[in-house]
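Q: The following block contains the structure, expressed as structure tokens.
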Amino acid sequence: MNEQDEAALQRLRTIFQAEAQEHSQAMTQGLIALEQAATPAARAALVETVYREVHSLKGAARVVNLSLIEALCQQLEGVFAALKRQATPVGPDLLDLLHQAVGVLDALLLAPDAPRSPVEEEFLRELDWRLAAVPGDLGLVPAPGGAPAATNGAGGPVWTGADERPVFGDTVRIATAKLDTLLLQTEELLAVRQTGEQRVAELRALGTQLSAWQRAQDRIGDAMRTFQRARPPAGDRPGRSLGPGTTDRLLGDLFAYLEWNAAQVQAFGGQVRALGQAAEHDQRTLAGLTAALLAGMKQVLMLPGATLLEIFPKMVRDLARTQGKEVDLVIRGGEIEIDRRILEELKDPLIHLLRNALDHGIERPEVRAQAHKPPRGRVAITIAQLDSSKVEIRIADDGAGIDRGQVQAAARAAGWEGADDADAAQALIFQSGVSTSPLITELSGRGLGLAIVREKVEKLGGTVFVESQPGAGTTFRLVLPLTLATFRGILVQVAGRVFVLPTISVERVIWVDPATIRPVENRETVLLDGQVVALVRLADLLALPRPPAGRDAALGGPAVVLRAGRGPIAFLVDAVLDEQEVLVKGLGPQLLRVRHIAGATVLGGGQVAPILNIADLLHTATQGAAGAAAPADQAAPAPRKAILIVEDSITSRTLLKNILETAGYAVQTAVDGAAGLAQLTAGAFDLVVSDVEMPQMNGFDLTMQIRATPALADLPVVLVTSLESREDRARGAAAGANAYLVKRSFDQSNLLDVIGRLL
């Protein structure tokens with residue numbers, strides 16, 4: 001293949017990637033719907049839909065010479081051709097196989113030309129064999145040569161030989177990076193518009209000054225004319241004469257100048273006013289065009305919420321099956337459009353919340369039956385637009401709810417102050433390291449998920465709320481802006497400087513009378529709607545000098561009320577100047593993280609105003625208000641912790657030993673459970689890392705022996721094993737293991753993180 005053909009093929013593959021992702025996602029959605037279909041007609045329609053998606057993907061893969069993807073699609077076609085002829089419902093085992101095949105397709109689409117390991121090659125051969133056997137299992141015989149004998153109801157072929165390709169109509173594919181660049185350039189016009197507004201205001205002020213000048217000129221002109229008329233003849237005036245007619249000539253010249261000056265001022269004023277009117281007209285036109293262009297570009301980057309949510313049905317299905325639970329996922333409001341950049345940032349928070357709902361919220365069927373609940377749990381994701389600038393994403397489950405007692409115990413164990421405050425227990429779930437899971441797994445138990453949720457949401461300028469009722473379920477509410485980069489901001493003045501507060505985070509603006517400020521627990525507070533609210537001076541928080549005390553201080557000042565997790569907090573400022581749309585500017589790579597500052601914006605007059613980080617402000621203010629945001633002092637860790645590795649495989653044992661010694665731990669090893677128990681009895685260790693399947697004594701029995709020995713009962717145990725079934729995990733938890741990690745998804749940093757938390 002020459003260079004030109006190679007370049008053409010690469011361009012085709014770029015187009016293929018986007019198209020293939022659509023087909024793959026449609027297959028996944030179809031399989032999930034097929035699992036829930038209630039009637040034969042619905043199942044038949046879904047089988048036909050997925051069949052067509054597989055066929056289209058096969059044809060596209062053939063065009064770009066991706067033979068492995070084409071062959072896998074060929075096998076899937078055979079399965080769906082058989083399903084079309086079969087009246088019985090699709091069983092769970094077959095659906096698992098089909099989901100697995102689509103998952104392999106996804107992996108191949110991400111890296112179609114990547115070299116595969118022998119293990120991956122063997123896995124693909126096994127998958128190919130299992131797919132080829134499906135038509136026979138359904139009572140059908142594959143066509144000669146392995147090709148599926150797909151026919152329609154009349155006995156003719158389903159496909160005529162021409163590959164079906166999607167028709168996009170007036171839709172075009174454009175790289176999102178190009179659209180992002182266009183949006184940023186369009187957003188820059190916002191600063192131009194604000195500068196135009198500033199210039200119009202300056203011209204208006206200049207016109208006002210000229211009008212005042214003209215009025216003063218008119219007054220002096222009238223006075224001079226009155227003086228001239230009342231002036232006596234030259235011969236009647238006392239004093240030294242300048243000569244015959246000289247005084248009259250000089251006064252005549254002065255009066256002529258004043259008349260000319262008045263005419264010039266009037267003409268100049270008229271020109272300035274006309275220029276101001278023209279500039280105001282141009283500014284209105286520019287403002288309208290900028291607003292329309294910015295709104296249009298934002299709409300280009302606005303995507304339906306469903307584009308974010310479409311990955312979750314399969315994820316929920318797989319996690320529920322892994323944990324032996326039955327869960328229905330309900331999605332509402334997927335048609336509401338949100339900025340693509342926000343959707344991308346929300347992916348991780350929503351994954352954490354759904355995992356949390358499945359792991360901690362939804363109960364197993366037998367537990368739900370005892371609580372008189374339906375055996376199938378329910379998780380609902382609802383997107384609702386609150387107003388023109390805010391959207392709410394609600395994740396609700398009908399599970400067990402938040403156990404405040406467990407949260408408080410976990411917070412105490414993690415060293416967080418305020419853990420004994422029952423009212424604050426619900427807020428503690430967002431603190432890093434607080435987890436109610438009895439066993440650390442790759443799914444949960446580290447206490448990081450909800451902390452990441454809050455951090456991500458607040459970084460986007462949003463707020464997260466949680467509501468829970470024991471036995472009835474938990475609801476998380478994420479209130480977020482619809483778009484990024486530009487937002488409505490309130491301009492405040494503090495110590496002579498201008499700062500911007502995002503309007504979405506401001507609950508209200510109040511006037512604080514100094515006489516109403518009351519000290520409570522050594523902090524200033526004010527009464528707001530009958531509620532005692534902490535009052536924080538923003539100048540103090542930003543380490544800026546307070547204004548000098550004087551007579552005006554007795555008159556009070558404005559305060560901006562922001563909503564915190566445990567209630568509102570009022571921030572006292574010098575002045576509230578304006579509310580306007582602002583364009584967010586980053587601080588550059590040199591200032592990736594500046595406390596209390598989220599970015600900056602350029603105001604119309606060219607002044608740079610910092611945009612305050614609401615999350616930082618609330619965190620700092622809450623620290624002083626509640627003293628609950630910092631971990632309690634803990635004893636410094638020992639220089640080197642001793643770890644025992646119990647593993648019968650020399651390869652795995654050496655790998656683990658190298659990892660832990662590199663991380664600074666003192667490591668000893670044992671070849672099986674019996675040898676490990678003997679070493680534990682003879683020596684002092686801080687933690688045990690053990691395999692499960694070993695001769696003499698397996699990892700489960702070793703863990704139970706450790707828990708049964710008084711001197712070792714509190715020793716942390718981490719099981720690292722290839723056993724990943726739900727029953728094996730439950731057996732590990734029952735034995736008393738602190739963490740259960742699966743070798744298939746083993747990650748070095750994951751192991752070190754778990755050990756660090758347990759030590």
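Each chain in the structure tokens gets a letter, A, B and so on, in the order shown; residues start at 1 in every chain, and ligands are counted from 1 in the order they appear.
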Counting only C-alpha atoms, what is within 9 Å of stretch 709-722 of chain A, bar same-chain residues fewer than 3 positions away, as a PDB file with N, CA and C atoms, in the first residue's frame?

A:
ATOM      1  N   ILE A 440     -12.623  -3.767  52.234  1.00  0.00           N
ATOM      2  CA  ILE A 440     -12.112  -2.961  51.126  1.00  0.00           C
ATOM      3  C   ILE A 440     -12.002  -3.853  49.896  1.00  0.00           C
ATOM      4  N   LEU A 680       3.795 -15.540  62.069  1.00  0.00           N
ATOM      5  CA  LEU A 680       3.047 -14.520  62.800  1.00  0.00           C
ATOM      6  C   LEU A 680       3.132 -14.748  64.306  1.00  0.00           C
ATOM      7  N   THR A 681       3.125 -16.000  64.704  1.00  0.00           N
ATOM      8  CA  THR A 681       3.197 -16.324  66.133  1.00  0.00           C
ATOM      9  C   THR A 681       4.575 -16.005  66.702  1.00  0.00           C
ATOM     10  N   PHE A 685       4.363  -8.319  63.308  1.00  0.00           N
ATOM     11  CA  PHE A 685       4.022  -7.775  61.986  1.00  0.00           C
ATOM     12  C   PHE A 685       2.897  -6.753  62.129  1.00  0.00           C
ATOM     13  N   ASP A 686       2.851  -5.837  61.178  1.00  0.00           N
ATOM     14  CA  ASP A 686       1.813  -4.798  61.183  1.00  0.00           C
ATOM     15  C   ASP A 686       0.672  -5.104  60.222  1.00  0.00           C
ATOM     16  N   LEU A 687       0.899  -6.033  59.257  1.00  0.00           N
ATOM     17  CA  LEU A 687      -0.143  -6.331  58.269  1.00  0.00           C
ATOM     18  C   LEU A 687       0.223  -7.618  57.544  1.00  0.00           C
ATOM     19  N   VAL A 688      -0.810  -8.314  57.042  1.00  0.00           N
ATOM     20  CA  VAL A 688      -0.617  -9.555  56.293  1.00  0.00           C
ATOM     21  C   VAL A 688      -1.254  -9.393  54.914  1.00  0.00           C
ATOM     22  N   VAL A 689      -0.487  -9.767  53.878  1.00  0.00           N
ATOM     23  CA  VAL A 689      -1.015  -9.861  52.514  1.00  0.00           C
ATOM     24  C   VAL A 689      -0.981 -11.332  52.142  1.00  0.00           C
ATOM     25  N   SER A 690      -2.169 -11.899  51.826  1.00  0.00           N
ATOM     26  CA  SER A 690      -2.234 -13.347  51.631  1.00  0.00           C
ATOM     27  C   SER A 690      -3.023 -13.717  50.384  1.00  0.00           C
ATOM     28  N   ASP A 691      -2.553 -14.806  49.750  1.00  0.00           N
ATOM     29  CA  ASP A 691      -3.330 -15.453  48.696  1.00  0.00           C
ATOM     30  C   ASP A 691      -4.432 -16.277  49.374  1.00  0.00           C
ATOM     31  N   VAL A 692      -5.364 -16.813  48.585  1.00  0.00           N
ATOM     32  CA  VAL A 692      -6.430 -17.645  49.157  1.00  0.00           C
ATOM     33  C   VAL A 692      -6.166 -19.119  48.889  1.00  0.00           C
ATOM     34  N   GLU A 693      -5.969 -19.471  47.635  1.00  0.00           N
ATOM     35  CA  GLU A 693      -5.788 -20.873  47.267  1.00  0.00           C
ATOM     36  C   GLU A 693      -4.331 -21.284  47.479  1.00  0.00           C
ATOM     37  N   GLY A 699      -6.108 -19.107  52.470  1.00  0.00           N
ATOM     38  CA  GLY A 699      -6.156 -17.759  53.013  1.00  0.00           C
ATOM     39  C   GLY A 699      -7.350 -17.504  53.912  1.00  0.00           C
ATOM     40  N   PHE A 700      -8.490 -18.120  53.609  1.00  0.00           N
ATOM     41  CA  PHE A 700      -9.661 -17.951  54.462  1.00  0.00           C
ATOM     42  C   PHE A 700      -9.394 -18.526  55.855  1.00  0.00           C
ATOM     43  N   THR A 703      -6.957 -16.411  57.796  1.00  0.00           N
ATOM     44  CA  THR A 703      -7.584 -15.201  58.344  1.00  0.00           C
ATOM     45  C   THR A 703      -8.392 -15.530  59.593  1.00  0.00           C
ATOM     46  N   MET A 704      -9.133 -16.636  59.553  1.00  0.00           N
ATOM     47  CA  MET A 704      -9.921 -17.026  60.732  1.00  0.00           C
ATOM     48  C   MET A 704      -9.025 -17.371  61.905  1.00  0.00           C
ATOM     49  N   GLN A 705      -7.889 -18.014  61.636  1.00  0.00           N
ATOM     50  CA  GLN A 705      -6.945 -18.330  62.713  1.00  0.00           C
ATOM     51  C   GLN A 705      -6.368 -17.056  63.325  1.00  0.00           C
ATOM     52  N   ILE A 706      -6.083 -16.069  62.480  1.00  0.00           N
ATOM     53  CA  ILE A 706      -5.559 -14.792  62.980  1.00  0.00           C
ATOM     54  C   ILE A 706      -6.587 -14.127  63.885  1.00  0.00           C
ATOM     55  N   GLY A 732     -14.655 -14.136  52.347  1.00  0.00           N
ATOM     56  CA  GLY A 732     -13.523 -13.363  52.845  1.00  0.00           C
ATOM     57  C   GLY A 732     -13.941 -12.392  53.938  1.00  0.00           C
ATOM     58  N   GLY A 736     -13.062 -12.408  58.182  1.00  0.00           N
ATOM     59  CA  GLY A 736     -12.495 -11.284  58.927  1.00  0.00           C
ATOM     60  C   GLY A 736     -11.453 -10.492  58.179  1.00  0.00           C
ATOM     61  N   ALA A 737     -11.379 -10.670  56.841  1.00  0.00           N
ATOM     62  CA  ALA A 737     -10.406  -9.911  56.058  1.00  0.00           C
ATOM     63  C   ALA A 737     -10.799  -8.432  56.031  1.00  0.00           C
ATOM     64  N   ASN A 738      -9.794  -7.584  55.990  1.00  0.00           N
ATOM     65  CA  ASN A 738     -10.040  -6.142  55.905  1.00  0.00           C
ATOM     66  C   ASN A 738     -10.166  -5.658  54.467  1.00  0.00           C
ATOM     67  N   ALA A 739      -9.559  -6.385  53.542  1.00  0.00           N
ATOM     68  CA  ALA A 739      -9.618  -5.995  52.133  1.00  0.00           C
ATOM     69  C   ALA A 739      -9.569  -7.245  51.277  1.00  0.00           C
ATOM     70  N   TYR A 740     -10.235  -7.170  50.107  1.00  0.00           N
ATOM     71  CA  TYR A 740     -10.315  -8.308  49.199  1.00  0.00           C
ATOM     72  C   TYR A 740     -10.043  -7.772  47.796  1.00  0.00           C
ATOM     73  N   LEU A 741      -8.854  -8.056  47.243  1.00  0.00           N
ATOM     74  CA  LEU A 741      -8.464  -7.548  45.934  1.00  0.00           C
ATOM     75  C   LEU A 741      -8.333  -8.709  44.960  1.00  0.00           C
ATOM     76  N   VAL A 742      -8.873  -8.505  43.754  1.00  0.00           N
ATOM     77  CA  VAL A 742      -8.859  -9.553  42.731  1.00  0.00           C
ATOM     78  C   VAL A 742      -7.640  -9.375  41.843  1.00  0.00           C
ATOM     79  N   LYS A 743      -6.923 -10.472  41.600  1.00  0.00           N
ATOM     80  CA  LYS A 743      -5.696 -10.396  40.806  1.00  0.00           C
ATOM     81  C   LYS A 743      -5.963  -9.954  39.369  1.00  0.00           C
ATOM     82  N   ARG A 744      -7.121 -10.312  38.834  1.00  0.00           N
ATOM     83  CA  ARG A 744      -7.410  -9.947  37.443  1.00  0.00           C
ATOM     84  C   ARG A 744      -7.381  -8.440  37.247  1.00  0.00           C
ATOM     85  N   PHE A 746      -5.736  -6.433  39.339  1.00  0.00           N
ATOM     86  CA  PHE A 746      -4.705  -5.993  40.282  1.00  0.00           C
ATOM     87  C   PHE A 746      -3.980  -4.775  39.749  1.00  0.00           C
ATOM     88  N   LEU A 751      -3.040  -1.535  45.514  1.00  0.00           N
ATOM     89  CA  LEU A 751      -2.594  -2.302  46.679  1.00  0.00           C
ATOM     90  C   LEU A 751      -1.931  -1.387  47.704  1.00  0.00           C
ATOM     91  N   VAL A 754      -4.486   0.718  49.560  1.00  0.00           N
ATOM     92  CA  VAL A 754      -5.232  -0.052  50.565  1.00  0.00           C
ATOM     93  C   VAL A 754      -4.362  -0.281  51.805  1.00  0.00           C
ATOM     94  N   ILE A 755      -3.134  -0.669  51.604  1.00  0.00           N
ATOM     95  CA  ILE A 755      -2.236  -0.917  52.744  1.00  0.00           C
ATOM     96  C   ILE A 755      -2.012   0.366  53.528  1.00  0.00           C
ATOM     97  N   LEU A 758      -4.984   0.984  55.754  1.00  0.00           N
ATOM     98  CA  LEU A 758      -5.125   0.054  56.877  1.00  0.00           C
ATOM     99  C   LEU A 758      -4.053   0.273  57.934  1.00  0.00           C
ATOM    100  N   LEU A 759      -2.924   0.835  57.541  1.00  0.00           N
ATOM    101  CA  LEU A 759      -1.851   1.089  58.506  1.00  0.00           C
ATOM    102  C   LEU A 759      -1.950   2.480  59.101  1.00  0.00           C
TER     103      LEU A 759
END

Q: Write down as a compact mmCIF listing (two decimals) with N, CA and C atoms, in the first residue's frame the residues of stretch 483-726 of chain A whose backbone DSSP state falls under strand (DSSP E).

A:
# COMPACT_ATOMS: atom_id res chain seq x y z
N THR A 486 -18.62 30.82 30.64
CA THR A 486 -19.28 32.08 30.97
C THR A 486 -20.39 31.80 31.97
N PHE A 487 -20.59 32.72 32.89
CA PHE A 487 -21.66 32.57 33.87
C PHE A 487 -22.01 33.95 34.42
N ARG A 488 -23.12 34.01 35.10
CA ARG A 488 -23.51 35.24 35.76
C ARG A 488 -22.73 35.35 37.06
N GLY A 489 -22.15 36.52 37.28
CA GLY A 489 -21.36 36.71 38.49
C GLY A 489 -21.73 38.00 39.19
N ILE A 490 -21.62 38.00 40.51
CA ILE A 490 -21.86 39.19 41.32
C ILE A 490 -20.52 39.81 41.66
N LEU A 491 -20.36 41.09 41.32
CA LEU A 491 -19.12 41.81 41.59
C LEU A 491 -19.21 42.45 42.97
N VAL A 492 -18.24 42.12 43.83
CA VAL A 492 -18.19 42.69 45.17
C VAL A 492 -16.85 43.39 45.37
N GLN A 493 -16.85 44.36 46.26
CA GLN A 493 -15.63 45.09 46.57
C GLN A 493 -15.19 44.76 47.98
N VAL A 494 -13.92 44.41 48.12
CA VAL A 494 -13.35 44.07 49.41
C VAL A 494 -11.97 44.74 49.49
N ARG A 497 -10.55 46.18 46.39
CA ARG A 497 -10.38 45.29 45.25
C ARG A 497 -11.73 44.71 44.84
N VAL A 498 -11.83 44.36 43.56
CA VAL A 498 -13.07 43.80 43.03
C VAL A 498 -12.91 42.29 42.85
N PHE A 499 -13.89 41.53 43.35
CA PHE A 499 -13.91 40.08 43.21
C PHE A 499 -15.26 39.67 42.61
N VAL A 500 -15.28 38.45 42.05
CA VAL A 500 -16.50 37.93 41.43
C VAL A 500 -16.94 36.68 42.18
N LEU A 501 -18.23 36.62 42.52
CA LEU A 501 -18.85 35.44 43.12
C LEU A 501 -19.86 34.87 42.13
N PRO A 502 -19.78 33.58 41.76
CA PRO A 502 -20.77 33.00 40.85
C PRO A 502 -22.18 33.13 41.41
N VAL A 506 -24.90 31.97 45.17
CA VAL A 506 -25.35 33.01 46.09
C VAL A 506 -26.83 32.79 46.41
N GLU A 507 -27.12 32.65 47.69
CA GLU A 507 -28.50 32.46 48.10
C GLU A 507 -29.25 33.79 48.16
N ARG A 508 -28.62 34.82 48.68
CA ARG A 508 -29.20 36.16 48.74
C ARG A 508 -28.14 37.16 49.19
N VAL A 509 -28.47 38.45 49.07
CA VAL A 509 -27.63 39.53 49.58
C VAL A 509 -28.42 40.26 50.66
N ILE A 510 -27.80 40.49 51.82
CA ILE A 510 -28.50 41.12 52.95
C ILE A 510 -27.69 42.34 53.42
N TRP A 511 -28.36 43.19 54.19
CA TRP A 511 -27.68 44.32 54.82
C TRP A 511 -27.51 44.00 56.30
N VAL A 512 -26.28 44.09 56.77
CA VAL A 512 -25.98 43.71 58.15
C VAL A 512 -25.85 44.98 58.99
N ARG A 518 -23.95 39.24 66.84
CA ARG A 518 -23.83 38.66 68.17
C ARG A 518 -22.73 37.60 68.18
N PRO A 519 -21.89 37.58 69.20
CA PRO A 519 -20.86 36.52 69.30
C PRO A 519 -21.48 35.22 69.82
N VAL A 520 -21.21 34.13 69.13
CA VAL A 520 -21.63 32.80 69.56
C VAL A 520 -20.42 31.88 69.43
N ARG A 523 -17.47 33.42 67.78
CA ARG A 523 -17.60 33.77 66.37
C ARG A 523 -18.75 34.74 66.20
N GLU A 524 -18.62 35.61 65.19
CA GLU A 524 -19.69 36.56 64.91
C GLU A 524 -20.83 35.86 64.17
N THR A 525 -22.05 36.19 64.55
CA THR A 525 -23.22 35.62 63.89
C THR A 525 -24.27 36.71 63.69
N VAL A 526 -25.19 36.45 62.77
CA VAL A 526 -26.35 37.31 62.57
C VAL A 526 -27.58 36.43 62.51
N LEU A 527 -28.72 37.03 62.70
CA LEU A 527 -29.99 36.30 62.67
C LEU A 527 -30.59 36.46 61.28
N LEU A 528 -30.88 35.33 60.61
CA LEU A 528 -31.43 35.34 59.26
C LEU A 528 -32.65 34.42 59.22
N GLN A 531 -32.91 32.13 62.03
CA GLN A 531 -31.82 31.16 62.15
C GLN A 531 -30.51 31.89 62.41
N VAL A 532 -29.73 31.38 63.35
CA VAL A 532 -28.43 31.97 63.64
C VAL A 532 -27.45 31.53 62.54
N VAL A 533 -26.87 32.51 61.85
CA VAL A 533 -26.00 32.25 60.71
C VAL A 533 -24.61 32.81 61.00
N ALA A 534 -23.58 32.02 60.73
CA ALA A 534 -22.21 32.48 60.92
C ALA A 534 -21.92 33.65 59.98
N LEU A 535 -21.23 34.67 60.52
CA LEU A 535 -20.85 35.84 59.75
C LEU A 535 -19.33 35.86 59.62
N VAL A 536 -18.85 35.87 58.39
CA VAL A 536 -17.41 35.86 58.11
C VAL A 536 -17.07 37.12 57.33
N ARG A 537 -16.04 37.83 57.77
CA ARG A 537 -15.59 39.01 57.03
C ARG A 537 -14.68 38.53 55.90
N GLY A 557 -23.12 47.22 56.61
CA GLY A 557 -22.64 46.94 55.27
C GLY A 557 -23.33 45.72 54.69
N PRO A 558 -23.13 45.46 53.38
CA PRO A 558 -23.78 44.31 52.73
C PRO A 558 -23.04 43.01 53.04
N ALA A 559 -23.77 41.92 52.96
CA ALA A 559 -23.20 40.58 53.13
C ALA A 559 -23.82 39.66 52.08
N VAL A 560 -23.00 38.79 51.53
CA VAL A 560 -23.45 37.82 50.54
C VAL A 560 -23.61 36.48 51.24
N VAL A 561 -24.81 35.90 51.15
CA VAL A 561 -25.11 34.64 51.84
C VAL A 561 -24.88 33.48 50.88
N LEU A 562 -23.96 32.60 51.25
CA LEU A 562 -23.67 31.40 50.46
C LEU A 562 -24.16 30.18 51.22
N ARG A 563 -24.61 29.18 50.49
CA ARG A 563 -25.15 27.96 51.10
C ARG A 563 -24.04 26.96 51.32
N ALA A 564 -23.83 26.57 52.58
CA ALA A 564 -22.85 25.53 52.93
C ALA A 564 -23.60 24.23 53.21
N GLY A 567 -25.58 24.56 56.45
CA GLY A 567 -26.37 25.76 56.60
C GLY A 567 -25.73 26.94 55.91
N PRO A 568 -26.43 28.07 55.81
CA PRO A 568 -25.87 29.23 55.12
C PRO A 568 -24.78 29.91 55.93
N ILE A 569 -23.90 30.59 55.24
CA ILE A 569 -22.84 31.41 55.85
C ILE A 569 -22.87 32.76 55.16
N ALA A 570 -22.85 33.85 55.94
CA ALA A 570 -22.87 35.20 55.40
C ALA A 570 -21.45 35.76 55.36
N PHE A 571 -21.07 36.30 54.20
CA PHE A 571 -19.74 36.88 54.01
C PHE A 571 -19.88 38.39 53.88
N LEU A 572 -19.31 39.12 54.83
CA LEU A 572 -19.42 40.57 54.86
C LEU A 572 -18.44 41.17 53.85
N ALA A 575 -18.86 46.39 49.49
CA ALA A 575 -19.91 46.86 48.59
C ALA A 575 -20.26 45.77 47.60
N VAL A 576 -21.53 45.74 47.17
CA VAL A 576 -21.98 44.89 46.07
C VAL A 576 -22.15 45.81 44.87
N LEU A 577 -21.34 45.62 43.83
CA LEU A 577 -21.26 46.58 42.73
C LEU A 577 -22.24 46.31 41.61
N ASP A 578 -22.32 45.04 41.16
CA ASP A 578 -23.10 44.77 39.96
C ASP A 578 -23.25 43.27 39.79
N GLU A 579 -24.12 42.89 38.87
CA GLU A 579 -24.21 41.49 38.42
C GLU A 579 -24.12 41.49 36.91
N GLN A 580 -23.23 40.68 36.35
CA GLN A 580 -23.06 40.65 34.91
C GLN A 580 -22.53 39.30 34.48
N GLU A 581 -22.56 39.06 33.17
CA GLU A 581 -21.99 37.83 32.63
C GLU A 581 -20.49 38.00 32.54
N VAL A 582 -19.75 37.01 33.00
CA VAL A 582 -18.29 37.10 32.99
C VAL A 582 -17.71 35.89 32.27
N LEU A 583 -16.55 36.09 31.72
CA LEU A 583 -15.82 35.04 31.02
C LEU A 583 -14.69 34.55 31.90
N ILE A 597 -9.18 31.03 45.03
CA ILE A 597 -9.32 31.64 43.72
C ILE A 597 -9.55 30.54 42.67
N ALA A 598 -10.65 30.67 41.91
CA ALA A 598 -10.97 29.67 40.89
C ALA A 598 -10.51 30.10 39.51
N GLY A 599 -10.29 31.37 39.30
CA GLY A 599 -9.90 31.89 38.00
C GLY A 599 -9.95 33.40 38.04
N ALA A 600 -10.06 34.01 36.87
CA ALA A 600 -10.12 35.46 36.79
C ALA A 600 -10.94 35.85 35.58
N THR A 601 -11.37 37.10 35.55
CA THR A 601 -12.08 37.64 34.41
C THR A 601 -11.63 39.07 34.18
N VAL A 602 -11.77 39.53 32.94
CA VAL A 602 -11.42 40.90 32.60
C VAL A 602 -12.71 41.69 32.49
N VAL A 608 -8.67 43.43 35.87
CA VAL A 608 -8.71 41.99 36.10
C VAL A 608 -9.30 41.73 37.48
N ALA A 609 -10.36 40.92 37.53
CA ALA A 609 -11.02 40.61 38.80
C ALA A 609 -10.93 39.12 39.07
N PRO A 610 -10.39 38.72 40.22
CA PRO A 610 -10.35 37.29 40.56
C PRO A 610 -11.76 36.74 40.79
N ILE A 611 -11.97 35.49 40.35
CA ILE A 611 -13.22 34.78 40.61
C ILE A 611 -12.99 33.89 41.82
N LEU A 612 -13.80 34.06 42.84
CA LEU A 612 -13.57 33.35 44.10
C LEU A 612 -14.06 31.91 44.00
N ALA A 642 6.20 -3.54 59.24
CA ALA A 642 6.55 -4.91 58.87
C ALA A 642 5.33 -5.61 58.26
N ILE A 643 5.51 -6.20 57.09
CA ILE A 643 4.42 -6.88 56.37
C ILE A 643 4.84 -8.31 56.06
N LEU A 644 3.90 -9.23 56.27
CA LEU A 644 4.12 -10.63 55.92
C LEU A 644 3.32 -10.96 54.67
N ILE A 645 4.00 -11.51 53.65
CA ILE A 645 3.35 -11.95 52.42
C ILE A 645 3.22 -13.47 52.48
N VAL A 646 1.99 -13.97 52.34
CA VAL A 646 1.73 -15.41 52.35
C VAL A 646 1.23 -15.77 50.95
N ALA A 666 9.15 -3.18 55.44
CA ALA A 666 9.99 -4.33 55.77
C ALA A 666 9.17 -5.58 55.51
N VAL A 667 9.62 -6.46 54.61
CA VAL A 667 8.79 -7.55 54.11
C VAL A 667 9.44 -8.90 54.43
N GLN A 668 8.59 -9.83 54.90
CA GLN A 668 8.97 -11.24 55.02
C GLN A 668 7.94 -12.06 54.27
N THR A 669 8.30 -13.28 53.87
CA THR A 669 7.40 -14.10 53.07
C THR A 669 7.20 -15.48 53.68
N ALA A 670 6.05 -16.10 53.31
CA ALA A 670 5.75 -17.48 53.71
C ALA A 670 5.11 -18.17 52.52
N LEU A 687 0.90 -6.03 59.26
CA LEU A 687 -0.14 -6.33 58.27
C LEU A 687 0.22 -7.62 57.54
N VAL A 688 -0.81 -8.31 57.04
CA VAL A 688 -0.62 -9.55 56.29
C VAL A 688 -1.25 -9.39 54.91
N VAL A 689 -0.49 -9.77 53.88
CA VAL A 689 -1.02 -9.86 52.51
C VAL A 689 -0.98 -11.33 52.14
N SER A 690 -2.17 -11.90 51.83
CA SER A 690 -2.23 -13.35 51.63
C SER A 690 -3.02 -13.72 50.38
N VAL A 717 -5.64 -7.75 57.53
CA VAL A 717 -5.39 -8.82 56.55
C VAL A 717 -5.94 -8.38 55.20
N VAL A 718 -5.08 -8.45 54.18
CA VAL A 718 -5.47 -8.14 52.80
C VAL A 718 -5.38 -9.42 51.99
N LEU A 719 -6.51 -9.86 51.43
CA LEU A 719 -6.53 -11.04 50.58
C LEU A 719 -6.39 -10.61 49.12
N VAL A 720 -5.39 -11.15 48.42
CA VAL A 720 -5.16 -10.88 47.00
C VAL A 720 -5.30 -12.21 46.28
N THR A 721 -6.35 -12.39 45.49
CA THR A 721 -6.69 -13.70 44.97
C THR A 721 -7.31 -13.60 43.58

Q: How many Å separate atom CA of A:His352 from atom CA of A:Asp318?

A: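 Spanning atom CA of A:His352 to atom CA of A:Asp318 is a straight-line distance of 14.9 Å.
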
Q: When you draw a straight line from atom CA of A:Ile504 to atom CA of A:Arg341, how long is it in Å?

A: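 Rounded to one decimal, the two atoms are 17.7 Å apart.
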
Q: Hey, what's within 9 Å of A:Gln21 if we count only C-alpha atoms and toss same-chain stuff fewer than 5 positions away? As a PyMOL selection string, please?

A: chain A and resi 16+26+106+109

Q: Which is closest to A:Gly399 among A:Thr322, A:Thr208, A:Gln469, A:Gln607, if we use only C-alpha atoms?

A: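 The closest residue to A:Gly399 is A:Gln469.
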
Q: How far is it from atom CA of A:Glu70 to atom CA of A:Lys58, in Å with one decimal?

A: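 Rounded to one decimal, the two atoms are 4.8 Å apart.
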